[in-house]
Structure formats: C-alpha cells, structure tokens
file work-v2.cif (mmCIF, C-alpha atoms)
data_target
#
loop_
_atom_site.label_atom_id
_atom_site.label_comp_id
_atom_site.auth_asym_id
_atom_site.auth_seq_id
_atom_site.Cartn_x
_atom_site.Cartn_y
_atom_site.Cartn_z
CA MET W 26 25.93 -7.63 -4.88
CA THR W 27 22.69 -8.83 -3.27
CA SER W 28 19.64 -10.39 -4.94
CA ALA W 29 16.52 -8.24 -5.13
CA PRO W 30 13.40 -9.59 -3.37
CA THR W 31 10.05 -9.96 -5.09
CA ALA W 32 6.76 -8.65 -3.66
CA SER W 33 6.07 -12.10 -2.21
CA GLY W 34 9.41 -12.23 -0.46
CA GLY W 35 11.36 -14.39 -2.94
CA GLN W 36 14.34 -13.43 -5.03
CA VAL W 37 14.41 -11.99 -8.54
CA ASP W 38 16.80 -13.96 -10.73
CA GLY W 39 19.26 -11.78 -12.56
CA ALA W 40 18.40 -8.66 -10.53
CA SER W 41 20.78 -7.29 -7.94
CA TRP W 42 21.28 -4.29 -5.73
CA PRO W 43 24.72 -2.68 -5.69
CA GLU W 44 26.43 -2.36 -2.34
CA GLY W 45 26.08 1.22 -1.16
CA GLY W 46 22.83 1.72 -3.13
CA SER W 47 19.85 3.54 -1.69
CA PHE W 48 18.23 0.38 -0.25
CA GLN W 49 21.52 -0.80 1.26
CA GLU W 50 21.96 2.57 2.97
CA LEU W 51 18.37 2.46 4.19
CA ASP W 52 18.93 -1.03 5.60
CA ARG W 53 21.94 0.18 7.60
CA ASP W 54 19.95 3.16 8.90
CA LEU W 55 17.08 0.90 9.94
CA ARG W 56 19.46 -1.39 11.82
CA ALA W 57 20.86 1.66 13.62
CA VAL W 58 17.36 2.72 14.65
CA LEU W 59 16.57 -0.77 15.93
CA SER W 60 19.79 -0.94 17.94
CA THR W 61 19.14 2.39 19.70
CA LEU W 62 15.50 1.84 20.65
CA ALA W 63 15.47 1.48 24.43
CA PRO W 64 12.86 -0.83 25.97
CA GLY W 65 10.08 1.16 27.64
CA PRO W 66 7.09 0.44 29.81
CA SER W 67 4.78 0.28 26.78
CA PRO W 68 5.56 -2.17 23.93
CA LEU W 69 3.03 -0.39 21.70
CA ALA W 70 4.67 2.97 22.35
CA ALA W 71 8.05 1.51 21.40
CA GLN W 72 6.51 -0.05 18.29
CA GLU W 73 5.03 3.27 17.19
CA THR W 74 8.35 5.00 17.79
CA LEU W 75 9.97 2.44 15.51
CA HIS W 76 7.28 2.98 12.86
CA ARG W 77 7.89 6.71 12.92
CA GLU W 78 11.67 6.46 12.79
CA VAL W 79 11.52 4.03 9.86
CA THR W 80 9.05 6.31 8.07
CA ARG W 81 11.31 9.35 8.62
CA LEU W 82 14.17 7.46 6.97
CA VAL W 83 11.98 6.52 3.99
CA PHE W 84 10.93 10.15 3.41
CA ALA W 85 14.27 11.77 4.32
CA GLU W 86 15.52 14.54 2.03
CA THR W 87 18.75 12.56 1.54
CA ALA W 88 16.88 9.45 0.31
CA SER W 89 17.32 8.76 -3.40
CA VAL W 90 15.38 6.72 -5.90
CA SER W 91 17.05 3.60 -7.30
CA GLU W 92 18.34 3.51 -10.86
CA ASP W 93 17.28 -0.13 -11.28
CA PRO W 94 13.71 -0.26 -12.74
CA ASP W 95 12.55 -3.27 -10.68
CA GLU W 96 14.03 -1.98 -7.43
CA ARG W 97 12.64 1.50 -8.16
CA HIS W 98 9.12 0.11 -8.61
CA VAL W 99 9.31 -1.76 -5.28
CA GLN W 100 10.74 1.32 -3.57
CA LEU W 101 7.90 3.56 -4.77
CA LEU W 102 5.33 0.90 -3.89
CA LEU W 103 6.65 0.75 -0.32
CA MET W 104 6.56 4.55 -0.12
CA ARG W 105 2.89 4.42 -1.07
CA GLY W 106 2.31 2.01 1.80
CA HIS W 107 4.02 4.37 4.26
CA LEU W 108 1.94 7.30 2.97
CA MET W 109 -1.23 5.27 3.53
CA ARG W 110 -0.19 4.47 7.09
CA LEU W 111 0.54 8.14 7.79
CA LEU W 112 -2.74 9.23 6.21
CA GLY W 113 -4.64 6.84 8.45
CA ALA W 114 -2.84 8.12 11.55
CA VAL W 115 -3.26 11.81 10.70
CA LEU W 116 -6.90 11.42 9.63
CA PRO W 117 -8.48 8.47 11.51
CA VAL W 118 -11.98 7.27 10.62
CA ASP W 119 -13.60 8.77 13.73
CA ALA W 120 -11.69 12.06 13.61
CA ASN W 121 -13.35 15.47 13.93
CA GLU W 122 -13.32 17.89 11.01
CA PRO W 123 -9.61 18.48 10.19
CA SER W 124 -8.11 21.93 9.93
CA LEU W 125 -7.97 23.58 6.51
CA GLU W 126 -4.20 23.01 6.35
CA ILE W 127 -4.50 19.28 7.07
CA ALA W 128 -7.49 18.93 4.72
CA ARG W 129 -5.46 20.41 1.87
CA LEU W 130 -2.53 18.15 2.70
CA VAL W 131 -4.82 15.09 2.68
CA VAL W 132 -6.11 16.07 -0.78
CA ARG W 133 -2.51 16.25 -2.07
CA VAL W 134 -1.63 12.88 -0.54
CA ARG W 135 -4.68 11.15 -2.00
CA ALA W 136 -3.92 12.63 -5.42
CA LEU W 137 -0.41 11.14 -5.26
CA LEU W 138 -1.77 7.76 -4.16
CA ASP W 139 -4.04 7.75 -7.22
CA GLU W 140 -1.08 8.14 -9.58
CA GLU W 141 0.31 5.09 -11.35
CA ILE W 142 3.94 4.27 -10.65
CA PRO W 143 5.78 5.30 -13.84
CA GLY W 144 8.37 3.13 -15.53
CA ASP W 145 10.26 6.14 -16.82
CA ALA W 146 13.22 7.06 -14.57
CA VAL W 147 12.69 10.85 -14.75
CA ARG W 148 8.97 10.68 -13.93
CA ALA W 149 9.66 8.11 -11.20
CA ALA W 150 12.21 10.45 -9.59
CA PHE W 151 9.66 13.29 -9.74
CA LEU W 152 7.03 11.11 -8.05
CA HIS W 153 9.60 10.03 -5.45
CA ARG W 154 10.40 13.64 -4.62
CA ARG W 155 6.74 14.65 -4.28
CA MET W 156 5.92 11.63 -2.10
CA SER W 157 8.92 12.42 0.10
CA GLU W 158 7.75 16.01 0.51
CA VAL W 159 4.17 15.15 1.53
CA GLY W 160 5.48 12.33 3.71
CA ARG W 161 7.59 14.80 5.70
CA GLU W 162 4.61 17.17 5.94
CA LEU W 163 2.41 14.35 7.27
CA LEU W 164 5.07 13.44 9.84
CA ALA W 165 5.15 17.08 10.96
CA VAL W 166 1.42 17.09 11.79
CA LEU W 167 1.34 13.56 13.24
CA PRO W 168 0.10 13.52 16.86
CA THR W 169 2.82 13.03 19.47
CA VAL W 170 3.57 9.56 20.79
CA ALA W 171 1.69 8.95 24.04
CA ALA W 172 2.90 6.62 26.77
CA SER W 173 -0.55 5.03 27.14
CA ASP W 174 -1.18 1.78 25.28
CA ASP W 175 -4.78 2.87 24.66
CA VAL W 176 -3.71 6.05 22.89
CA VAL W 177 -0.83 4.49 20.97
CA GLY W 178 -3.08 1.65 19.85
CA GLY W 179 -4.98 4.22 17.82
CA TRP W 180 -2.06 4.30 15.36
CA GLY W 181 -2.71 0.70 14.37
CA ARG W 182 -6.48 1.02 14.31
CA ALA W 183 -6.33 4.16 12.22
CA VAL W 184 -4.26 2.55 9.46
CA CYS W 185 -7.40 1.22 7.78
CA ALA W 186 -8.50 4.80 7.09
CA GLY W 187 -6.29 4.62 4.00
CA PHE W 188 -8.92 2.51 2.20
CA ASP W 189 -12.72 2.32 2.26
CA SER W 190 -13.76 -1.30 2.86
CA THR W 191 -17.45 -0.56 2.29
CA ARG W 192 -16.89 1.03 -1.11
CA ILE W 193 -14.51 -1.74 -2.16
CA ARG W 194 -17.07 -4.40 -1.19
CA GLU W 195 -19.77 -2.61 -3.20
CA ALA W 196 -17.65 -2.89 -6.37
CA ILE W 197 -16.85 -6.54 -5.58
CA ARG W 198 -20.52 -7.40 -5.08
CA ALA W 199 -21.53 -5.68 -8.31
CA ALA W 200 -18.94 -7.47 -10.48
CA LYS W 201 -19.62 -10.87 -8.90
CA SER W 202 -23.41 -10.51 -9.16
CA TRP W 203 -23.23 -9.76 -12.90
CA GLU W 204 -21.22 -12.88 -13.58
CA GLN W 205 -23.28 -15.12 -11.29
CA ALA W 206 -26.61 -13.89 -12.72
CA ARG W 207 -25.25 -13.90 -16.28
CA VAL W 208 -26.47 -10.35 -16.87
CA TYR W 209 -24.77 -7.56 -18.78
CA PRO W 210 -24.64 -4.10 -17.18
CA HIS W 211 -24.39 -0.94 -19.24
CA PRO W 212 -20.91 -0.82 -20.83
CA HIS W 213 -20.13 2.48 -19.05
CA THR W 214 -21.07 0.98 -15.68
CA LEU W 215 -19.00 -2.12 -16.36
CA ALA W 216 -16.01 0.00 -17.38
CA ALA W 217 -16.33 2.19 -14.28
CA VAL W 218 -16.48 -0.79 -11.89
CA THR W 219 -13.57 -2.50 -13.65
CA LYS W 220 -11.47 0.66 -13.39
CA ALA W 221 -12.37 0.99 -9.71
CA LEU W 222 -11.40 -2.63 -8.98
CA SER W 223 -8.06 -2.19 -10.75
CA GLY W 224 -7.42 0.86 -8.59
CA TYR W 225 -8.37 -1.05 -5.43
CA VAL W 226 -5.82 -3.74 -6.26
CA THR W 227 -3.13 -1.04 -6.53
CA THR W 228 -4.32 0.55 -3.26
CA LEU W 229 -4.48 -2.69 -1.26
CA VAL W 230 -1.20 -4.30 -2.35
CA PRO W 231 1.01 -2.13 -0.04
CA TYR W 232 -1.21 -3.03 2.94
CA VAL W 233 -1.04 -6.72 2.11
CA SER W 234 2.74 -6.44 1.62
CA ILE W 235 3.02 -5.02 5.13
CA HIS W 236 0.87 -7.89 6.44
CA LEU W 237 3.12 -10.34 4.57
CA GLU W 238 6.13 -9.09 6.53
CA SER W 239 4.42 -10.11 9.79
CA LEU W 240 4.01 -13.74 8.68
CA SER W 241 6.59 -16.46 9.17
CA ALA W 242 8.68 -16.66 5.99
CA GLY W 243 8.17 -19.97 4.21
CA SER W 244 4.93 -20.80 6.04
CA ARG W 245 1.77 -21.74 4.17
CA GLY W 246 0.13 -18.46 5.17
CA TRP W 247 3.13 -16.49 3.97
CA SER W 248 3.15 -18.30 0.61
CA ALA W 249 -0.61 -17.86 0.14
CA CYS W 250 -0.38 -14.14 0.93
CA GLY W 251 2.52 -13.60 -1.48
CA GLU W 252 0.70 -15.55 -4.19
CA ALA W 253 -2.41 -13.40 -3.66
CA ILE W 254 -0.36 -10.26 -4.29
CA GLU W 255 1.20 -11.63 -7.48
CA ARG W 256 -2.03 -13.05 -8.92
CA SER W 257 -4.01 -9.89 -8.22
CA GLN W 258 -1.42 -7.76 -10.01
CA GLU W 259 -1.38 -10.16 -12.94
CA ALA W 260 -5.20 -10.02 -13.17
CA ARG W 261 -5.10 -6.22 -13.04
CA ASP W 262 -2.47 -5.94 -15.78
CA VAL W 263 -4.06 -8.41 -18.21
CA ALA W 264 -6.24 -6.72 -20.82
CA PRO W 265 -9.81 -8.07 -21.13
CA GLY W 266 -10.80 -9.85 -24.32
CA GLU W 267 -13.18 -8.54 -26.96
CA GLY W 268 -16.89 -8.12 -26.22
CA LEU W 269 -19.09 -7.62 -23.16
CA LYS W 270 -18.84 -11.23 -22.02
CA ALA W 271 -15.05 -11.08 -21.83
CA ALA W 272 -15.21 -7.70 -20.09
CA ARG W 273 -17.69 -9.04 -17.52
CA GLU W 274 -15.48 -12.07 -16.84
CA HIS W 275 -12.46 -9.79 -16.44
CA ALA W 276 -14.34 -7.68 -13.88
CA TYR W 277 -15.35 -10.84 -12.03
CA ARG W 278 -11.73 -12.06 -11.81
CA LEU W 279 -10.65 -8.66 -10.53
CA ALA W 280 -13.43 -8.79 -7.91
CA VAL W 281 -12.30 -12.21 -6.67
CA HIS W 282 -8.67 -11.09 -6.32
CA THR W 283 -9.65 -7.75 -4.76
CA GLU W 284 -11.76 -9.59 -2.19
CA THR W 285 -8.78 -11.75 -1.23
CA LEU W 286 -6.51 -8.70 -0.91
CA LEU W 287 -9.10 -6.88 1.19
CA ARG W 288 -9.31 -9.81 3.61
CA TYR W 289 -5.52 -9.81 4.08
CA ALA W 290 -5.37 -6.01 4.39
CA GLU W 291 -8.06 -6.01 7.07
CA GLN W 292 -6.28 -8.80 8.94
CA GLY W 293 -3.16 -6.65 8.97
CA CYS W 294 -5.09 -3.66 10.30
CA GLU W 295 -6.71 -5.77 13.03
CA ARG W 296 -3.31 -7.15 14.03
CA ASP W 297 -1.77 -3.69 14.25
CA GLY W 298 -4.70 -2.48 16.31
CA GLU W 299 -4.41 -5.21 18.95
#

call {"tool": "encode", "arguments": {"input": "work-v2.cif", "output": "structure tokens"}}
result
Amino acid sequence: MTSAPTASGGQVDGASWPEGGSFQELDRDLRAVLSTLAPGPSPLAAQETLHREVTRLVFAETASVSEDPDERHVQLLLMRGHLMRLLGAVLPVDANEPSLEIARLVVRVRALLDEEIPGDAVRAAFLHRRMSEVGRELLAVLPTVAASDDVVGGWGRAVCAGFDSTRIREAIRAAKSWEQARVYPHPHTLAAVTKALSGYVTTLVPYVSIHLESLSAGSRGWSACGEAIERSQEARDVAPGEGLKAAREHAYRLAVHTETLLRYAEQGCERDGE
C-alpha cells in the first residue's frame, strides 16, 4: 500500500492506493515511456513527445477510474488539466478559424471543463469516460510533432489558451474595487462575479498543479504554491455569510486567491513556452 499525495504534494493520512490500482498501473506505464524516449537533436521536441505519450496513457480506453473517493477526485482533476493543455495546443490563441469539426469538438471539451467533479462514483465514472473520449479525439487532431524548436515551442505557448487572463482579471478588479471602495453592487452582479471567480479557481488549479510539479519539492516556492492551491479551494468551498457585506467580503477573498492562482498559472505557461 502507498500513501496518497495531496494537491500540494504532501501525503494524505489514512488514505492509500492499492498495489495494482489504476494510478499504480499508470505510474508503471509512464516509467516505460520515459525509459524508451531516445535523446534527439531537439530537447523541446523530445519534451512534447513525452507530453503526448503521457496524455495518451491518461486518456487510454483501458484506463479506469479509481474506487477511492479522494484518489478519484485527484485523478479527474488531473484529467481536466490534460484536457486544458490539449485544448490550448489544438486551438492556440492566434489560430485561424477552426474547421467545423474541431469547433464542435472544442464546444464539447469546454462543456466538460465547466462541469463540477462529482463525488458520486457512478457519475464520476461517467465523467471519466466522456473526458477520455474527447481527450482521444483531441489527440487525433493534434498537429504533428515538428523537429524545429520554434514550432514545438508553440505547444508550451499555446497552453494558456485554456483560460482567459483578461476576463479573469476583470472579475478580480471588480470584486476588489467593491471592497476597497466600500460600495455594494447590485446583488445579481455580485452573485455573477462571485460565481465566475469560483469557476476560475476550479479552472486554474490544474494549471497551478502542473506548475507545482516543476518546482523543487520542499522549497519555499513549492510550499507557497501548494498552499495557494489549498487556500483557494477552501475559499471557494466556504459559503458566504448572511447579507450583502458578507457576500462582498467573500467575493473579495475569492478575488485575492484567484489572482494568486493566475500568477502561478501564467508563470507555468511562460516556463513551458521558453
């Protein structure tokens, strides 16, 4: 039995993964991929090849969803992150108008990314199957790996297409300005911005989790990044108190945490695009 890691890279007390479980099998497959990757003239090309092979394993038809609720939640969260990466590569920010087939696929992917991860095992398995299906379809239309560093570098730069920094910052500015000016927006506006910020936390966490993996485990930066993930999720899941004042303060807290996540997510995108 092995201890299950938390989102920040620690261990969950009392939680374990059985040997031979879906994550254990995936780990063995990933090690096999790493051992067979031959060094090539382009480090970025080799890195993209690794990304694609790992992603194929995640969305493989033989992949199964874990029976453990905590492990299942992490598994589906990581699948969301892989879908976002694929979406950014298939539909980069500066891309021309996509074909009708790809446009329809993108709509399906975005609809899945908007869904909450269910706690129920049956609904979680259904979500897992649908994410696997669209993941394989995205892989099928992904542009071929090029030997040129300039072309391959587009994979990393395109990752940020999975979230809209400008729109996220607009919601952050609105919520922070209300609290700082001590003004009360219309309740419907406040509710809409709060809902948007909660969704942005859910959207950004997989990106920040990927960035966390690039940091040195145990370092101050690694700890701060992991703490940002945990605190943002706690802020999102806590219900606001009664009244407009409490609702405005809740939106402000969400804005502060979302801003931190956005900074980490953008750092990860910049690093991958180097």

call {"tool": "closest_residue", "arguments": {"input": "work-v2.cif", "among": "W:Thr219, W:Ala146, W:Pro231, W:Ala271", "to": "W:Arg207", "atoms": "all atoms listed in the file"}}
result
W:Ala271

call {"tool": "resolve_selection", "arguments": {"input": "work-v2.cif", "expression": "the PyMOL selection byres ((chain W and resi 276-286) around 6)", "output": "VMD selection string"}}
result
chain W and resid 197 200 to 201 219 226 257 273 to 275 287 to 289

call {"tool": "write_last_selection", "arguments": {"input": "work-v2.cif", "atoms": "C-alpha atoms", "output": "tab-separated table (two decimals), keeping the file's coordinate frame"}}
result
chain	number	residue	atom	x	y	z
W	197	ILE	CA	-16.85	-6.54	-5.58
W	200	ALA	CA	-18.94	-7.47	-10.48
W	201	LYS	CA	-19.62	-10.87	-8.90
W	219	THR	CA	-13.57	-2.50	-13.65
W	226	VAL	CA	-5.82	-3.74	-6.26
W	257	SER	CA	-4.01	-9.89	-8.22
W	273	ARG	CA	-17.69	-9.04	-17.52
W	274	GLU	CA	-15.48	-12.07	-16.84
W	275	HIS	CA	-12.46	-9.79	-16.44
W	287	LEU	CA	-9.10	-6.88	1.19
W	288	ARG	CA	-9.31	-9.81	3.61
W	289	TYR	CA	-5.52	-9.81	4.08

call {"tool": "resolve_selection", "arguments": {"input": "work-v2.cif", "expression": "the PyMOL selection byres ((chain W and resi 156-168) around 7)", "output": "MDAnalysis selection string"}}
result
chainID W and resid 84:85 108 111 115 134 152:155 169:170

call {"tool": "closest_residue", "arguments": {"input": "work-v2.cif", "among": "W:Arg148, W:Arg261, W:His211, W:His236", "to": "W:Pro94", "atoms": "all atoms listed in the file"}}
result
W:Arg148

call {"tool": "residues_around", "arguments": {"input": "work-v2.cif", "residues": "W:Trp247", "least_positions_apart": "3", "cutoff": "10 Å", "atoms": "only C-alpha atoms", "output": "NGL selection string"}}
result
:W and (33-34 or 236-244 or 250-253)

call {"tool": "atom_distance", "arguments": {"input": "work-v2.cif", "atom1": "atom CA of W:Ile142", "atom2": "atom CA of W:Leu102"}}
result
7.7 Å

call {"tool": "atom_distance", "arguments": {"input": "work-v2.cif", "atom1": "atom CA of W:Arg129", "atom2": "atom CA of W:Phe188"}}
result
18.2 Å

call {"tool": "atom_distance", "arguments": {"input": "work-v2.cif", "atom1": "atom CA of W:Arg110", "atom2": "atom CA of W:Ile235"}}
result
10.2 Å

call {"tool": "closest_residue", "arguments": {"input": "work-v2.cif", "among": "W:Leu101, W:Leu112, W:Glu259, W:Glu140", "to": "W:Ala128", "atoms": "all atoms listed in the file"}}
result
W:Leu112

call {"tool": "residues_around", "arguments": {"input": "work-v2.cif", "residues": "W:Thr227", "least_positions_apart": "2", "cutoff": "9 Å", "atoms": "all atoms listed in the file", "output": "list in words"}}
result
Asp139, Glu141, Leu222, Ser223, Gly224, Tyr225, Leu229, Val230, Pro231, Gln258 and Arg261 of chain W

call {"tool": "write_last_selection", "arguments": {"input": "work-v2.cif", "atoms": "C-alpha atoms", "output": "short mmCIF file (atom, residue, chain, number, x, y, z; two decimals), keeping the file's coordinate frame"}}
result
data_model
loop_
_atom_site.label_atom_id
_atom_site.label_comp_id
_atom_site.auth_asym_id
_atom_site.auth_seq_id
_atom_site.Cartn_x
_atom_site.Cartn_y
_atom_site.Cartn_z
CA ASP W 139 -4.04 7.75 -7.22
CA GLU W 141 0.31 5.09 -11.35
CA LEU W 222 -11.40 -2.63 -8.98
CA SER W 223 -8.06 -2.19 -10.75
CA GLY W 224 -7.42 0.86 -8.59
CA TYR W 225 -8.37 -1.05 -5.43
CA LEU W 229 -4.48 -2.69 -1.26
CA VAL W 230 -1.20 -4.30 -2.35
CA PRO W 231 1.01 -2.13 -0.04
CA GLN W 258 -1.42 -7.76 -10.01
CA ARG W 261 -5.10 -6.22 -13.04
#
